[in-house]
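A.B. asks: You'll find entry.txt just under this line, and it carries compact mmCIF, C-alpha atoms.
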```txt
# COMPACT_ATOMS: atom_id res chain seq x y z
CA MET A 99 0.00 0.00 0.00
CA SER A 100 1.41 3.42 -0.89
CA SER A 101 2.20 5.78 1.99
CA SER A 102 -0.59 8.12 0.85
CA LYS A 103 -3.13 5.30 1.36
CA LYS A 104 -1.74 4.13 4.69
CA THR A 105 -3.51 5.02 7.92
CA LYS A 106 -1.73 7.94 9.60
CA VAL A 107 -1.30 7.08 13.28
CA ILE A 108 -0.16 9.08 16.28
CA TYR A 109 0.83 6.65 19.04
CA ASP A 110 0.23 8.23 22.49
CA THR A 111 2.13 6.16 25.01
CA ASP A 112 3.73 5.70 28.43
CA PRO A 113 6.15 3.09 27.10
CA GLY A 114 6.42 0.14 29.33
CA VAL A 115 7.10 -3.32 27.95
CA ASP A 116 3.51 -3.72 26.68
CA ASP A 117 3.50 -0.41 24.79
CA ALA A 118 6.93 -1.15 23.33
CA MET A 119 5.62 -4.36 21.81
CA ALA A 120 2.50 -2.63 20.48
CA LEU A 121 4.68 0.10 18.95
CA TYR A 122 6.74 -2.50 17.11
CA PHE A 123 3.61 -4.24 15.84
CA ALA A 124 2.36 -0.89 14.52
CA LEU A 125 5.71 -0.15 12.87
CA ALA A 126 5.67 -3.56 11.19
CA HIS A 127 2.11 -3.21 9.89
CA PRO A 128 2.12 -2.48 6.15
CA ASP A 129 -0.99 -0.28 6.31
CA ILE A 130 0.18 2.05 9.11
CA ASP A 131 2.13 5.27 8.63
CA LEU A 132 3.34 6.22 12.11
CA VAL A 133 3.45 10.02 11.95
CA GLY A 134 4.30 10.67 15.59
CA ILE A 135 4.90 9.24 19.04
CA THR A 136 3.56 11.32 21.91
CA THR A 137 4.47 10.43 25.47
CA THR A 138 2.87 10.74 28.89
CA PHE A 139 3.42 9.56 32.45
CA GLY A 140 2.00 6.22 33.58
CA ASN A 141 4.14 3.10 33.46
CA VAL A 142 7.09 5.47 33.96
CA SER A 143 7.62 9.21 34.45
CA VAL A 144 7.07 11.34 31.35
CA GLU A 145 10.82 11.96 31.17
CA GLN A 146 11.50 8.22 31.10
CA ALA A 147 8.60 7.72 28.67
CA ALA A 148 10.17 10.22 26.25
CA THR A 149 13.59 8.58 26.63
CA ASN A 150 12.07 5.14 26.03
CA ALA A 151 10.13 6.32 22.98
CA LEU A 152 13.24 7.90 21.43
CA TYR A 153 15.20 4.71 22.10
CA LEU A 154 12.50 2.39 20.74
CA ALA A 155 12.04 4.51 17.62
CA ALA A 156 15.78 4.70 17.00
CA ILE A 157 16.44 0.98 17.25
CA ALA A 158 13.45 0.33 14.97
CA GLY A 159 14.72 2.81 12.38
CA CYS A 160 11.61 4.96 12.83
CA ASP A 161 12.11 8.66 12.20
CA ALA A 162 8.65 9.82 13.33
CA PRO A 163 8.75 12.81 15.70
CA VAL A 164 8.69 12.01 19.42
CA THR A 165 7.20 14.50 21.87
CA LYS A 166 6.98 14.83 25.63
CA GLY A 167 3.57 15.44 27.15
CA VAL A 168 1.62 15.43 30.37
CA ALA A 169 3.71 14.67 33.47
CA VAL A 170 1.06 14.36 36.20
CA PRO A 171 -2.65 13.61 36.55
CA TRP A 172 -5.16 16.45 36.22
CA CYS A 173 -6.54 16.32 39.76
CA LYS A 174 -5.47 13.33 41.81
CA PRO A 175 -2.01 13.00 43.36
CA ALA A 176 0.56 11.29 41.15
CA GLU A 177 1.41 7.74 42.08
CA LYS A 178 4.80 6.10 41.84
CA PRO A 179 5.22 4.23 38.52
CA PRO A 180 4.87 0.43 38.80
CA ALA A 181 8.55 -0.58 38.69
CA HIS A 182 7.54 -4.06 39.91
CA ILE A 183 5.70 -4.58 36.62
CA HIS A 184 7.78 -2.90 33.90
CA GLY A 185 11.09 -2.33 35.70
CA ALA A 186 12.39 1.02 36.89
CA ASP A 187 13.09 2.09 33.30
CA GLY A 188 9.79 0.75 31.97
CA LEU A 189 11.56 -1.65 29.64
CA GLY A 190 12.43 -4.43 32.05
CA ASN A 191 15.56 -2.75 33.45
CA LEU A 192 17.57 -2.93 30.24
CA GLY A 193 20.50 -1.18 31.86
CA PRO A 194 22.81 1.30 30.14
CA ARG A 195 21.94 2.06 26.53
CA GLN A 196 23.98 3.46 23.70
CA PRO A 197 23.37 7.11 22.84
CA ILE A 198 20.76 7.32 20.10
CA GLY A 199 21.52 10.70 18.54
CA ARG A 200 17.88 11.79 18.39
CA GLN A 201 16.16 14.73 20.03
CA LEU A 202 12.58 15.29 21.05
CA ASP A 203 10.35 17.39 18.84
CA PRO A 204 10.14 20.72 20.74
CA ARG A 205 6.33 20.77 20.78
CA ALA A 206 4.37 19.44 23.72
CA SER A 207 2.47 16.27 22.89
CA ALA A 208 -0.95 17.96 22.98
CA GLN A 209 0.21 20.69 20.60
CA PHE A 210 1.71 18.07 18.27
CA ILE A 211 -1.63 16.21 18.19
CA VAL A 212 -3.48 19.43 17.36
CA ASP A 213 -0.92 20.46 14.71
CA MET A 214 -1.08 17.08 12.98
CA ALA A 215 -4.89 16.95 13.10
CA ARG A 216 -5.08 20.43 11.55
CA ALA A 217 -2.50 19.54 8.89
CA HIS A 218 -4.27 16.27 7.99
CA PRO A 219 -7.98 16.75 8.77
CA GLY A 220 -9.93 13.51 8.84
CA GLU A 221 -6.81 11.39 8.34
CA ILE A 222 -5.16 10.96 11.75
CA VAL A 223 -5.97 8.02 14.02
CA LEU A 224 -4.88 8.67 17.60
CA VAL A 225 -4.01 5.43 19.38
CA ALA A 226 -3.83 6.20 23.12
CA VAL A 227 -2.26 3.41 25.15
CA GLY A 228 -1.45 5.47 28.25
CA PRO A 229 -3.32 7.89 30.51
CA LEU A 230 -5.39 10.36 28.50
CA GLY A 231 -3.92 13.70 29.62
CA ASN A 232 -2.44 14.52 26.20
CA LEU A 233 -5.77 13.95 24.46
CA SER A 234 -7.63 15.94 27.11
CA LEU A 235 -5.22 18.87 26.80
CA ALA A 236 -5.37 18.70 23.00
CA LEU A 237 -9.17 18.99 23.24
CA MET A 238 -8.75 22.12 25.34
CA LEU A 239 -6.33 23.59 22.78
CA GLU A 240 -8.58 22.70 19.83
CA PRO A 241 -12.27 22.13 20.64
CA ARG A 242 -12.87 20.99 17.03
CA LEU A 243 -10.40 18.11 17.49
CA PRO A 244 -13.12 15.42 17.30
CA LEU A 245 -14.00 16.73 13.84
CA LEU A 246 -10.35 16.82 12.76
CA LEU A 247 -9.36 13.30 13.85
CA ARG A 248 -10.43 10.27 11.85
CA GLU A 249 -10.62 8.06 14.92
CA VAL A 250 -9.46 7.71 18.52
CA ILE A 251 -8.59 4.28 19.87
CA VAL A 252 -8.07 3.98 23.63
CA MET A 253 -6.54 1.17 25.64
CA GLY A 254 -8.44 1.75 28.85
CA GLY A 255 -11.36 0.74 30.96
CA THR A 256 -12.98 -2.50 31.91
CA ILE A 257 -16.54 -3.74 31.76
CA VAL A 258 -16.81 -7.50 32.19
CA GLU A 259 -13.36 -8.48 33.45
CA PRO A 260 -11.74 -7.09 36.61
CA GLY A 261 -9.38 -4.15 36.26
CA ASN A 262 -5.61 -4.47 36.54
CA VAL A 263 -5.18 -1.97 39.42
CA SER A 264 -8.43 -2.56 41.31
CA PRO A 265 -11.48 -4.77 40.83
CA VAL A 266 -13.13 -2.03 38.76
CA ALA A 267 -10.30 0.05 37.26
CA GLU A 268 -7.76 -0.28 34.46
CA ALA A 269 -4.38 1.46 34.90
CA ASN A 270 -4.62 4.06 32.12
CA ILE A 271 -7.98 5.35 33.38
CA TRP A 272 -6.99 4.95 37.05
CA ASN A 273 -3.82 7.02 36.59
CA ASP A 274 -5.72 10.07 35.29
CA PRO A 275 -9.49 9.60 35.62
CA HIS A 276 -10.30 13.29 35.20
CA ALA A 277 -8.52 13.40 31.84
CA ALA A 278 -10.51 10.36 30.72
```
Do you think you could lay out the structure here as structure tokens?
C.D. replies:
Amino acid sequence: MSSSKKTKVIYDTDPGVDDAMALYFALAHPDIDLVGITTTFGNVSVEQAATNALYLAAIAGCDAPVTKGVAVPWCKPAEKPPAHIHGADGLGNLGPRQPIGRQLDPRASAQFIVDMARAHPGEIVLVAVGPLGNLSLALMLEPRLPLLLREVIVMGGTIVEPGNVSPVAEANIWNDPHAA
């Protein structure tokens, strides 16, 4: 499929091991054009999330812009990231890594989402696999965002099965319920 026919995706993530694998599946999919990676707190701090995203993109040969986004929940106190699940670095405690020679895009994640949606109206699919602060802030920056995005896919919530942080809550919603 030509790149003009591929689905343009912004991957909004708090890269722990699970999000790293999902990112690589997206990069390998022939019908996906990854146009940006936006980061947020959750499995790790937003600083570590941005570092992880740059690293994951670099070793995959992905040159999509990477941005840093929301660092704390909207209203509730921030909780310590779950190092017992994803490791202190979010990637299973990989240890020292080689320098990657890439820098973050200077825009905040929410602004990047808005800019891309405006530049490609009706084409961008936002795949949010972390807390939803970047999407919430992007909606505040651009109230027409729902009309500009093609689709929003969220990894969050639970209905039938128990949650992964409480009997009724999933981590991405739990970490920033007011943004959701």
A.B. asks: At what distance in Å, to one decimal, does CA of Ala148 (chain A) lie from CA of Pro171 (chain A)?
C.D. replies: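 Rounded to one decimal, the two atoms are 16.8 Å apart.
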A.B. asks: Applying 9 Å and only C-alpha atoms, which residues near Leu202 (chain A) remain after dropping the ones on its own chain fewer than 2 positions away? List them as a list of chain:residue names.
C.D. replies: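 Here the answer would be A:Ala148, A:Thr149, A:Leu152, A:Pro163, A:Val164, A:Thr165, A:Lys166, A:Arg200, A:Pro204, A:Arg205.
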A.B. asks: Considering only C-alpha atoms, return as a list in words whatever protein or nucleic-acid residues lie within 8 Å of Val250 (chain A), sequence-local ones (same chain, fewer than 2 positions apart) excluded.
C.D. replies: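 Answer for this query is Val223, Leu224, Val225, Ala226, Leu247, Arg248 and Val252 of chain A.
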A.B. asks: Out of A:Ala155, A:Gly185, A:Ile222, A:Arg216, which residue has the shortest atom-to-atom distance to Arg242 (chain A) when counting all atoms listed in the file?
C.D. replies: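 The shortest atom-to-atom distance to Arg242 (chain A) comes from A:Arg216.
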A.B. asks: Name the closest residue to Asp110 (chain A) among the candidates A:Val266, A:Ala215, A:Ala208, A:Ala158; distances are taken between atoms, counting all atoms listed in the file.
C.D. replies: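 Answer, going by the shortest atom-to-atom distance: A:Ala208.
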A.B. asks: Rounded to one decimal, what separation in Å do you get between CA of Trp172 (chain A) and CA of Pro229 (chain A)?
C.D. replies: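 Computing it gives 10.5 Å between the two atoms.
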A.B. asks: Taking the point (-6.0, 9.3, 35.0) as given in the file, collect each protein or nucleic acid residue that comes within 10 Å of it, counting all atoms listed in the file, and present the set as an mmCIF file with C-alpha atoms, in the coordinates of the input.
C.D. replies:
```
data_model
loop_
_atom_site.group_PDB
_atom_site.id
_atom_site.type_symbol
_atom_site.label_atom_id
_atom_site.label_comp_id
_atom_site.auth_asym_id
_atom_site.auth_seq_id
_atom_site.Cartn_x
_atom_site.Cartn_y
_atom_site.Cartn_z
ATOM 1 C CA PHE A 139 3.420 9.560 32.450
ATOM 2 C CA GLY A 140 2.000 6.220 33.580
ATOM 3 C CA VAL A 170 1.060 14.360 36.200
ATOM 4 C CA PRO A 171 -2.650 13.610 36.550
ATOM 5 C CA TRP A 172 -5.160 16.450 36.220
ATOM 6 C CA CYS A 173 -6.540 16.320 39.760
ATOM 7 C CA LYS A 174 -5.470 13.330 41.810
ATOM 8 C CA PRO A 175 -2.010 13.000 43.360
ATOM 9 C CA ALA A 176 0.560 11.290 41.150
ATOM 10 C CA GLY A 228 -1.450 5.470 28.250
ATOM 11 C CA PRO A 229 -3.320 7.890 30.510
ATOM 12 C CA LEU A 230 -5.390 10.360 28.500
ATOM 13 C CA GLY A 231 -3.920 13.700 29.620
ATOM 14 C CA GLU A 268 -7.760 -0.280 34.460
ATOM 15 C CA ALA A 269 -4.380 1.460 34.900
ATOM 16 C CA ASN A 270 -4.620 4.060 32.120
ATOM 17 C CA ILE A 271 -7.980 5.350 33.380
ATOM 18 C CA TRP A 272 -6.990 4.950 37.050
ATOM 19 C CA ASN A 273 -3.820 7.020 36.590
ATOM 20 C CA ASP A 274 -5.720 10.070 35.290
ATOM 21 C CA PRO A 275 -9.490 9.600 35.620
ATOM 22 C CA HIS A 276 -10.300 13.290 35.200
ATOM 23 C CA ALA A 277 -8.520 13.400 31.840
ATOM 24 C CA ALA A 278 -10.510 10.360 30.720
#
```
A.B. asks: Counting all atoms listed in the file, select every polymer residue within 8 Å of (-4.8, 23.0, 24.0) as defined in the file's coordinates, and provide the selection as a PyMOL selection string.
C.D. replies: chain A and resi 208-209+212+235-240
A.B. asks: Between CA of Asp129 (chain A) and CA of Asn232 (chain A), what is the distance, to one decimal in Å?
C.D. replies: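 If I compute the distance from CA of Asp129 (chain A) to CA of Asn232 (chain A), I get 24.8 Å.
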A.B. asks: My list of candidates is A:Asn150, A:Thr136, A:Ser264, A:Ser143. Which is closest to Leu189 (chain A) when distances are computed with only C-alpha atoms?
C.D. replies: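 Once distances to Leu189 (chain A) are computed over only C-alpha atoms, the minimum belongs to A:Asn150.
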A.B. asks: Name the closest residue to Gln146 (chain A) among the candidates A:Thr105, A:Thr111, A:Ser207, A:Gln196; distances are taken between atoms, counting all atoms listed in the file.
C.D. replies: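 Using all atoms listed in the file, Gln146 (chain A) sits closest to A:Thr111.
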A.B. asks: So which residues touch Tyr122 (chain A) within 12 Å, counting only C-alpha atoms, skipping near sequence neighbours fewer than 2 positions away, as a PyMOL selection string?
C.D. replies: chain A and resi 109+113+115-120+124-128+130+132+151+154-160
